[in-house]
Amino acid sequence: MATLRRLREAPRHLLVCEKSNFGHHKSRHRHLVQTHYYNYRVSFLIPECGILSEELKNLVMNTGPYYFVKNLPLHELITPEFISTFIKKGSCCALTYNTNIDEDNTVALLPNGKLILSLDKDTYEETGLQGHPSQFSGRKIMKFSSEESTMMSYFSKYQIQEHQPKVALSTLRDLQCPVLQSSELEGTPEVSCRALELFDWLGAVFSNVDLNNEPNNFISTYCCPEPSTVVAKAYLCTITGFILPEKICLLLEHLCHYFDEPKLAPWVTLSVQGFADSPVSWGKNEHGFRKGGEHLYNFVIFNNQDYWLQMAVGANDHCPP
């Protein structure tokens, strides 16, 4: 009965919200993007926009490639040749693919060259390594992301495939959007919505949920928080794959300059989701799946260069930085 009761409990998460300005000398936006290494989905939403600029579209279409290497022995990642070819010449990320972090052996190579092993008890004892117990109770495919074109030739003796991220572009019409004020994370009654309300609303938009709250809709009764406004068009772009933090930094920087020329939109958003079965979230913070596996962040970029930053992880993870 206790197990059944736990299964019925809704997954909990930790959500941290903060506000700052991109021009502030203590702004943490670059550091937090650069240390969230394992990103599989990036989405941005631009209200009052029907088409992307060529510059932004080219940036979106050039976020890859990344590589799958099948049956790669772990010792290949610690050979002097690999270290000199990839680690010392720039950043290289790698992550085991199609593993369950709470059950399987999982490996992650950080851009700084650190190798993180999340091992089951038997494998840990066989290796003879010194480590510490995880707070979450074989050979696999590894997924790599690197700027170097030498990846294909270096791993040519293994089964290696090059992949490009998938890009989905869509125009949302007559979208009801929350009214926001950059200075008010907690919102003001009848004036602006709270950051948490926006976070929930974005999740519904990205999931293509009907926000009308009609009486005959038995799938969802969710509706846009109030106060709200209806925009004629909103542009939604979603990129799915293995996406480097450096690419996300470029995208964030471009969106920051979106308001260099006058725009109808008061804000835009950039949302990033990490791999659910990554052994870390930010930096070396341990990450587990449990009931959700979420570790993600969202920027709300305002036309005065203020921004909100929302970071979420599962309740058993370390609090976001």
# chains A, B, ... in the order shown; residues from 1 in each chain; ligands from 1
$ closest_atom_pairs --of "segment 11-126 of chain A" --to "segment 167-176 of chain A" --cutoff "12 Å" --atoms "only C-alpha atoms" --output "CSV"
residue,atom,partner,partner_atom,distance
A:Tyr40,CA,A:Val167,CA,11.9
A:Arg41,CA,A:Val167,CA,9.8
A:Val42,CA,A:Val167,CA,9.6
A:Ser43,CA,A:Ala168,CA,9.3
A:Phe44,CA,A:Leu169,CA,10.1
A:Leu45,CA,A:Leu172,CA,9.6
A:Ile46,CA,A:Thr171,CA,9.6
A:Pro47,CA,A:Leu175,CA,8.4
A:Glu48,CA,A:Arg173,CA,9.5
A:Cys49,CA,A:Thr171,CA,8.1
A:Gly50,CA,A:Thr171,CA,6.2
A:Ile51,CA,A:Thr171,CA,7.9
A:Leu52,CA,A:Leu169,CA,9.5
A:Lys57,CA,A:Leu169,CA,9.8
A:Asn58,CA,A:Val167,CA,11.6
A:Leu59,CA,A:Val167,CA,11.4
A:Val60,CA,A:Val167,CA,7.7
A:Met61,CA,A:Val167,CA,7.3
A:Asn62,CA,A:Val167,CA,10.1
A:Thr63,CA,A:Val167,CA,9.6
A:Gly64,CA,A:Val167,CA,10.8
$ select_by_dssp --residues "segment 154-272 of chain A" --states "strand (DSSP E or B)" --output "ChimeraX atom specification"
/A:159-163,166-178,188,192,212,223,228-243,267-272
$ select_by_dssp --residues "segment 40-247 of chain A" --states "helix (DSSP H, G or I)" --output "PyMOL selection string"
chain A and resi 54-61+74-78+80-87+121-127+151-154+195-206+245-247
$ residues_around --residues "Gln181 of chain A" --least-positions-apart "5" --cutoff "10 Å" --atoms "only C-alpha atoms" --output "PyMOL selection string"
chain A and resi 186-188+191-195+266-267+302+306
$ atom_distance --atom1 "atom CA of Pro65 of chain A" --atom2 "atom CA of Ser84 of chain A"
21.3 Å
